[in-house]
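File shown: start_34.cif (mmCIF, C-alpha atoms; chains and numbers go by the auth columns).
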data_data
loop_
_atom_site.group_PDB
_atom_site.id
_atom_site.type_symbol
_atom_site.label_atom_id
_atom_site.label_comp_id
_atom_site.label_asym_id
_atom_site.label_seq_id
_atom_site.Cartn_x
_atom_site.Cartn_y
_atom_site.Cartn_z
_atom_site.B_iso_or_equiv
_atom_site.auth_seq_id
_atom_site.auth_asym_id
ATOM 1 C CA MET A 1 92.479 97.294 108.672 0.00 1 A
ATOM 2 C CA THR A 2 90.120 94.357 108.270 0.00 2 A
ATOM 3 C CA ASP A 3 90.416 91.022 110.012 0.00 3 A
ATOM 4 C CA GLU A 4 88.193 89.355 107.448 0.00 4 A
ATOM 5 C CA LYS A 5 89.455 86.534 105.272 0.00 5 A
ATOM 6 C CA TYR A 6 88.403 85.261 101.911 0.00 6 A
ATOM 7 C CA HIS A 7 85.997 82.322 101.995 0.00 7 A
ATOM 8 C CA LEU A 8 87.847 79.071 102.774 0.00 8 A
ATOM 9 C CA ALA A 9 86.969 77.582 99.375 0.00 9 A
ATOM 10 C CA ALA A 10 88.344 80.694 97.643 0.00 10 A
ATOM 11 C CA ARG A 11 91.565 80.441 99.656 0.00 11 A
ATOM 12 C CA LEU A 12 92.029 76.756 98.847 0.00 12 A
ATOM 13 C CA ILE A 13 91.362 77.257 95.148 0.00 13 A
ATOM 14 C CA HIS A 14 93.665 80.314 95.102 0.00 14 A
ATOM 15 C CA TRP A 15 96.642 78.280 96.332 0.00 15 A
ATOM 16 C CA VAL A 16 95.897 75.211 94.185 0.00 16 A
ATOM 17 C CA MET A 17 95.637 77.456 91.127 0.00 17 A
ATOM 18 C CA ALA A 18 98.819 79.327 92.084 0.00 18 A
ATOM 19 C CA LEU A 19 100.717 76.028 92.230 0.00 19 A
ATOM 20 C CA GLY A 20 99.044 74.891 89.014 0.00 20 A
ATOM 21 C CA PHE A 21 100.114 78.003 87.129 0.00 21 A
ATOM 22 C CA VAL A 22 103.669 77.812 88.465 0.00 22 A
ATOM 23 C CA PHE A 23 103.735 74.265 87.091 0.00 23 A
ATOM 24 C CA MET A 24 102.214 75.421 83.781 0.00 24 A
ATOM 25 C CA TRP A 25 104.770 78.200 83.254 0.00 25 A
ATOM 26 C CA GLY A 26 107.635 75.817 84.015 0.00 26 A
ATOM 27 C CA CYS A 27 106.208 72.995 81.923 0.00 27 A
ATOM 28 C CA GLY A 28 105.441 75.331 79.019 0.00 28 A
ATOM 29 C CA TYR A 29 108.949 76.716 79.035 0.00 29 A
ATOM 30 C CA VAL A 30 110.603 73.290 79.290 0.00 30 A
ATOM 31 C CA MET A 31 108.512 71.624 76.603 0.00 31 A
ATOM 32 C CA THR A 32 108.940 74.459 74.102 0.00 32 A
ATOM 33 C CA THR A 33 112.622 75.268 74.638 0.00 33 A
ATOM 34 C CA LEU A 34 114.500 72.439 76.336 0.00 34 A
ATOM 35 C CA ILE A 35 112.945 69.216 75.011 0.00 35 A
ATOM 36 C CA VAL A 36 113.529 67.661 71.606 0.00 36 A
ATOM 37 C CA GLU A 37 110.574 68.440 69.343 0.00 37 A
ATOM 38 C CA ASP A 38 108.169 65.529 68.701 0.00 38 A
ATOM 39 C CA SER A 39 109.971 63.369 71.261 0.00 39 A
ATOM 40 C CA PRO A 40 107.980 61.083 73.572 0.00 40 A
ATOM 41 C CA LEU A 41 108.888 63.347 76.512 0.00 41 A
ATOM 42 C CA GLU A 42 107.586 66.418 74.682 0.00 42 A
ATOM 43 C CA GLU A 43 104.322 64.606 73.861 0.00 43 A
ATOM 44 C CA LEU A 44 103.943 63.566 77.514 0.00 44 A
ATOM 45 C CA LEU A 45 104.578 67.119 78.724 0.00 45 A
ATOM 46 C CA PHE A 46 102.059 68.518 76.222 0.00 46 A
ATOM 47 C CA ASP A 47 99.452 65.992 77.409 0.00 47 A
ATOM 48 C CA VAL A 48 100.046 66.873 81.065 0.00 48 A
ATOM 49 C CA HIS A 49 100.154 70.618 80.272 0.00 49 A
ATOM 50 C CA ILE A 50 96.803 70.411 78.478 0.00 50 A
ATOM 51 C CA SER A 51 95.208 68.282 81.218 0.00 51 A
ATOM 52 C CA VAL A 52 96.350 70.658 83.954 0.00 52 A
ATOM 53 C CA GLY A 53 95.064 73.557 81.829 0.00 53 A
ATOM 54 C CA VAL A 54 91.594 71.975 81.671 0.00 54 A
ATOM 55 C CA THR A 55 91.714 71.446 85.445 0.00 55 A
ATOM 56 C CA LEU A 56 92.684 75.090 85.959 0.00 56 A
ATOM 57 C CA LEU A 57 89.793 76.191 83.733 0.00 57 A
ATOM 58 C CA ALA A 58 87.327 74.228 85.875 0.00 58 A
ATOM 59 C CA LEU A 59 88.875 75.697 89.039 0.00 59 A
ATOM 60 C CA LEU A 60 88.684 79.209 87.560 0.00 60 A
ATOM 61 C CA VAL A 61 84.968 78.803 86.855 0.00 61 A
ATOM 62 C CA LEU A 62 84.431 77.459 90.376 0.00 62 A
ATOM 63 C CA ARG A 63 86.457 80.311 91.832 0.00 63 A
ATOM 64 C CA ILE A 64 84.356 82.893 89.988 0.00 64 A
ATOM 65 C CA VAL A 65 81.148 81.286 91.286 0.00 65 A
ATOM 66 C CA ILE A 66 82.527 81.278 94.845 0.00 66 A
ATOM 67 C CA ARG A 67 83.533 84.939 94.498 0.00 67 A
ATOM 68 C CA LEU A 68 80.047 85.889 93.271 0.00 68 A
ATOM 69 C CA VAL A 69 78.383 84.035 96.151 0.00 69 A
ATOM 70 C CA ASN A 70 80.946 85.121 98.781 0.00 70 A
ATOM 71 C CA PRO A 71 82.284 88.601 97.983 0.00 71 A
ATOM 72 C CA PRO A 72 85.894 89.169 99.042 0.00 72 A
ATOM 73 C CA PRO A 73 86.664 91.173 102.164 0.00 73 A
ATOM 74 C CA PRO A 74 87.279 94.870 101.546 0.00 74 A
ATOM 75 C CA LEU A 75 90.798 96.168 101.162 0.00 75 A
ATOM 76 C CA PRO A 76 92.202 97.891 104.238 0.00 76 A
ATOM 77 C CA ASN A 77 91.243 101.589 104.394 0.00 77 A
ATOM 78 C CA THR A 78 94.929 102.498 104.345 0.00 78 A
ATOM 79 C CA ILE A 79 95.162 101.353 100.722 0.00 79 A
ATOM 80 C CA ARG A 80 94.008 104.414 98.768 0.00 80 A
ATOM 81 C CA GLY A 81 93.974 106.077 95.391 0.00 81 A
ATOM 82 C CA LEU A 82 96.114 104.672 92.619 0.00 82 A
ATOM 83 C CA GLU A 83 97.259 101.768 94.783 0.00 83 A
ATOM 84 C CA ARG A 84 93.623 100.734 95.408 0.00 84 A
ATOM 85 C CA THR A 85 92.844 101.027 91.693 0.00 85 A
ATOM 86 C CA ALA A 86 95.940 98.963 90.832 0.00 86 A
ATOM 87 C CA ALA A 87 94.881 96.288 93.340 0.00 87 A
ATOM 88 C CA HIS A 88 91.418 96.012 91.777 0.00 88 A
ATOM 89 C CA LEU A 89 92.809 95.982 88.221 0.00 89 A
ATOM 90 C CA GLY A 90 95.444 93.398 89.169 0.00 90 A
ATOM 91 C CA HIS A 91 92.857 91.111 90.725 0.00 91 A
ATOM 92 C CA ALA A 92 90.601 91.473 87.675 0.00 92 A
ATOM 93 C CA ALA A 93 93.566 90.648 85.414 0.00 93 A
ATOM 94 C CA LEU A 94 94.197 87.483 87.440 0.00 94 A
ATOM 95 C CA TYR A 95 90.730 86.296 86.443 0.00 95 A
ATOM 96 C CA VAL A 96 90.709 87.501 82.827 0.00 96 A
ATOM 97 C CA LEU A 97 94.255 86.497 81.821 0.00 97 A
ATOM 98 C CA PRO A 98 93.967 82.838 82.888 0.00 98 A
ATOM 99 C CA ALA A 99 90.677 82.558 80.991 0.00 99 A
ATOM 100 C CA LEU A 100 92.282 84.027 77.865 0.00 100 A
ATOM 101 C CA VAL A 101 95.461 81.943 78.145 0.00 101 A
ATOM 102 C CA ILE A 102 93.502 78.719 78.611 0.00 102 A
ATOM 103 C CA ALA A 103 91.077 79.562 75.789 0.00 103 A
ATOM 104 C CA LEU A 104 94.002 80.286 73.475 0.00 104 A
ATOM 105 C CA GLY A 105 95.675 77.009 74.449 0.00 105 A
ATOM 106 C CA TRP A 106 92.440 75.166 73.684 0.00 106 A
ATOM 107 C CA ALA A 107 92.162 77.021 70.372 0.00 107 A
ATOM 108 C CA GLU A 108 95.773 76.238 69.487 0.00 108 A
ATOM 109 C CA THR A 109 95.198 72.543 70.152 0.00 109 A
ATOM 110 C CA ASN A 110 91.975 72.420 68.117 0.00 110 A
ATOM 111 C CA PHE A 111 93.352 74.628 65.314 0.00 111 A
ATOM 112 C CA GLY A 112 96.189 72.116 64.983 0.00 112 A
ATOM 113 C CA GLY A 113 93.698 69.303 64.409 0.00 113 A
ATOM 114 C CA HIS A 114 93.951 67.782 67.882 0.00 114 A
ATOM 115 C CA ALA A 115 91.356 67.200 70.559 0.00 115 A
ATOM 116 C CA VAL A 116 91.894 68.633 73.999 0.00 116 A
ATOM 117 C CA GLN A 117 92.117 65.737 76.413 0.00 117 A
ATOM 118 C CA TRP A 118 91.796 65.820 80.168 0.00 118 A
ATOM 119 C CA PHE A 119 93.950 62.952 81.417 0.00 119 A
ATOM 120 C CA GLY A 120 92.827 60.811 78.460 0.00 120 A
ATOM 121 C CA ILE A 121 89.182 61.957 78.353 0.00 121 A
ATOM 122 C CA GLU A 122 88.399 63.816 75.146 0.00 122 A
ATOM 123 C CA MET A 123 86.852 67.250 75.668 0.00 123 A
ATOM 124 C CA PRO A 124 84.467 68.886 73.183 0.00 124 A
ATOM 125 C CA ARG A 125 86.061 70.677 70.263 0.00 125 A
ATOM 126 C CA ALA A 126 85.528 74.381 70.804 0.00 126 A
ATOM 127 C CA PHE A 127 87.384 75.514 67.682 0.00 127 A
ATOM 128 C CA PRO A 128 87.611 74.134 64.126 0.00 128 A
ATOM 129 C CA GLU A 129 90.786 72.778 62.586 0.00 129 A
ATOM 130 C CA THR A 130 92.327 75.633 60.601 0.00 130 A
ATOM 131 C CA GLY A 131 95.393 76.510 58.622 0.00 131 A
ATOM 132 C CA GLU A 132 98.785 77.532 59.886 0.00 132 A
ATOM 133 C CA ALA A 133 97.962 81.241 60.249 0.00 133 A
ATOM 134 C CA LEU A 134 95.418 80.851 63.078 0.00 134 A
ATOM 135 C CA LEU A 135 97.416 78.046 64.648 0.00 135 A
ATOM 136 C CA ASN A 136 100.549 80.210 64.775 0.00 136 A
ATOM 137 C CA LEU A 137 98.628 83.267 65.997 0.00 137 A
ATOM 138 C CA SER A 138 96.948 81.332 68.814 0.00 138 A
ATOM 139 C CA GLU A 139 100.292 79.761 69.764 0.00 139 A
ATOM 140 C CA ASP A 140 102.002 83.172 69.943 0.00 140 A
ATOM 141 C CA LEU A 141 99.140 84.803 71.853 0.00 141 A
ATOM 142 C CA HIS A 142 98.949 81.867 74.275 0.00 142 A
ATOM 143 C CA MET A 143 102.653 82.210 75.033 0.00 143 A
ATOM 144 C CA TRP A 144 102.761 86.018 75.306 0.00 144 A
ATOM 145 C CA LEU A 145 99.630 86.289 77.419 0.00 145 A
ATOM 146 C CA ALA A 146 101.029 83.560 79.690 0.00 146 A
ATOM 147 C CA TYR A 147 104.162 85.703 80.144 0.00 147 A
ATOM 148 C CA ILE A 148 102.003 88.768 80.817 0.00 148 A
ATOM 149 C CA MET A 149 100.020 86.745 83.358 0.00 149 A
ATOM 150 C CA LEU A 150 103.281 85.647 84.996 0.00 150 A
ATOM 151 C CA THR A 151 104.325 89.303 85.230 0.00 151 A
ATOM 152 C CA VAL A 152 100.980 90.302 86.770 0.00 152 A
ATOM 153 C CA ALA A 153 101.192 87.370 89.219 0.00 153 A
ATOM 154 C CA ALA A 154 104.734 88.400 90.224 0.00 154 A
ATOM 155 C CA GLY A 155 103.459 91.954 90.765 0.00 155 A
ATOM 156 C CA HIS A 156 100.591 90.545 92.849 0.00 156 A
ATOM 157 C CA VAL A 157 103.025 88.659 95.091 0.00 157 A
ATOM 158 C CA ALA A 158 105.361 91.659 95.327 0.00 158 A
ATOM 159 C CA ALA A 159 102.468 93.941 96.277 0.00 159 A
ATOM 160 C CA ALA A 160 101.278 91.544 98.982 0.00 160 A
ATOM 161 C CA TYR A 161 104.757 91.443 100.505 0.00 161 A
ATOM 162 C CA LYS A 162 105.122 95.221 100.180 0.00 162 A
ATOM 163 C CA HIS A 163 101.870 95.696 102.091 0.00 163 A
ATOM 164 C CA ARG A 164 103.038 93.265 104.761 0.00 164 A
ATOM 165 C CA TRP A 165 106.652 94.324 105.250 0.00 165 A
ATOM 166 C CA ILE A 166 106.651 98.013 104.299 0.00 166 A
ATOM 167 C CA ASP A 167 103.107 99.249 104.969 0.00 167 A
ATOM 168 C CA GLY A 168 102.441 97.019 107.975 0.00 168 A
ATOM 169 C CA HIS A 169 99.019 95.725 106.949 0.00 169 A
ATOM 170 C CA ASP A 170 98.999 91.993 106.466 0.00 170 A
ATOM 171 C CA VAL A 171 96.814 91.416 103.426 0.00 171 A
ATOM 172 C CA ILE A 172 98.539 88.041 102.956 0.00 172 A
ATOM 173 C CA ARG A 173 96.810 86.742 106.085 0.00 173 A
ATOM 174 C CA ARG A 174 93.436 87.239 104.364 0.00 174 A
ATOM 175 C CA MET A 175 94.376 84.466 101.923 0.00 175 A
ATOM 176 C CA THR A 176 96.087 82.006 104.285 0.00 176 A
ATOM 177 C CA ILE A 177 94.470 78.621 104.894 0.00 177 A
ATOM 178 C CA GLY A 178 94.632 78.348 108.675 0.00 178 A
ATOM 179 C CA GLY A 179 92.488 80.149 111.182 0.00 179 A
ATOM 180 C CA GLY A 180 88.995 79.829 109.720 0.00 180 A
#
When written as structure tokens, how does the structure in this file appear?
Amino acid sequence: MTDEKYHLAARLIHWVMALGFVFMWGCGYVMTTLIVEDSPLEELLFDVHISVGVTLLALLVLRIVIRLVNPPPPLPNTIRGLERTAAHLGHAALYVLPALVIALGWAETNFGGHAVQWFGIEMPRAFPETGEALLNLSEDLHMWLAYIMLTVAAGHVAAAYKHRWIDGHDVIRRMTIGGG
């Protein structure tokens, strides 16, 4: 077992991003299934969803830089074999999937002829305005990869609790804010 923790900045960004993505999944679901299409509320939710997405992209880049400068503590020695491989793959997925989901959201917005705005500030156009085919494809991929990311995140949380309550090694403590 290791008593090491992730760098404080990595821990803070981890929890802010976790809350941000919980908001994004809820907001995305509400605005696409429960709100009247083209209503003022839907437009507001889309604007907030996009702005939070841009914020999460910036945090993801910062988190990657912090991880490169401050490598994470090693997994406990008691985590072996397939479980160790799954932990590494799951963590990698939690970096790759958000990047893909956000990029697809940006593409969807630009493909539809709209600028991505961060709380009213226009961001550079990364993708050209296109026809319906690419717009629909990016919309579908954005949604399905977001659901896949939600599934991976739920597995991540379940694994952390399994390690804590069944295996007896508290990997959750490595990511808590208090205690240095």
Coordinates-based distance that separates CA of Ala103 in chain A from CA of Gly53 in chain A (Å, one decimal) | 9.4 Å
Sorted by chain and rising residue number, list the residues of range 9-50 of chain A at most 12 Å from range 128-152 of chain A (counting all atoms listed in the file), each with its closest atom pair and distance in Å to one decimal, as a tab-separated table.
residue	atom	partner	partner_atom	distance
A:Ala18	CA	A:Leu150	CA	10.5
A:Phe21	CA	A:Leu150	CA	8.5
A:Val22	CA	A:Leu150	CA	8.6
A:Phe23	CA	A:Leu150	CA	11.6
A:Met24	CA	A:Ala146	CA	9.2
A:Trp25	CA	A:Ala146	CA	7.4
A:Gly26	CA	A:Leu150	CA	10.8
A:Cys27	CA	A:Ala146	CA	12.0
A:Gly28	CA	A:Met143	CA	8.4
A:Tyr29	CA	A:Met143	CA	9.3
A:Thr32	CA	A:Met143	CA	10.0
Just say which residues the PyMOL selection byres ((chain A and resi 157) around 12) picks in this file, as a ChimeraX atom specification.
-> /A:18,87,90-91,94,150-156,158-164,171-172,175
Could you tell me which residues the PyMOL selection byres ((chain A and resi 57-65) around 9) returns for this structure, as a list in words?
->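 Given this file, the PyMOL selection byres ((chain A and resi 57-65) around 9) evaluates to Ala9, Ala10, Ile13, His14, Val16, Met17, Val52, Gly53, Val54, Thr55, Leu56, Ile66, Arg67, Leu68, Val69, Asn70, Tyr95, Pro98, Ala99, Ile102 and Ala103 of chain A.
One finds CA of Leu75 in chain A at 14.7 Å from CA of His7 in chain A.
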Evaluate the PyMOL selection byres ((chain A and resi 124) around 12) and report residues as a ChimeraX atom specification | /A:54,106-107,109-110,114-118,121-123,125-128
Just give me the gap between CA of Glu42 in chain A and CA of Val96 in chain A in Å, one decimal is fine.
-> 28.2 Å
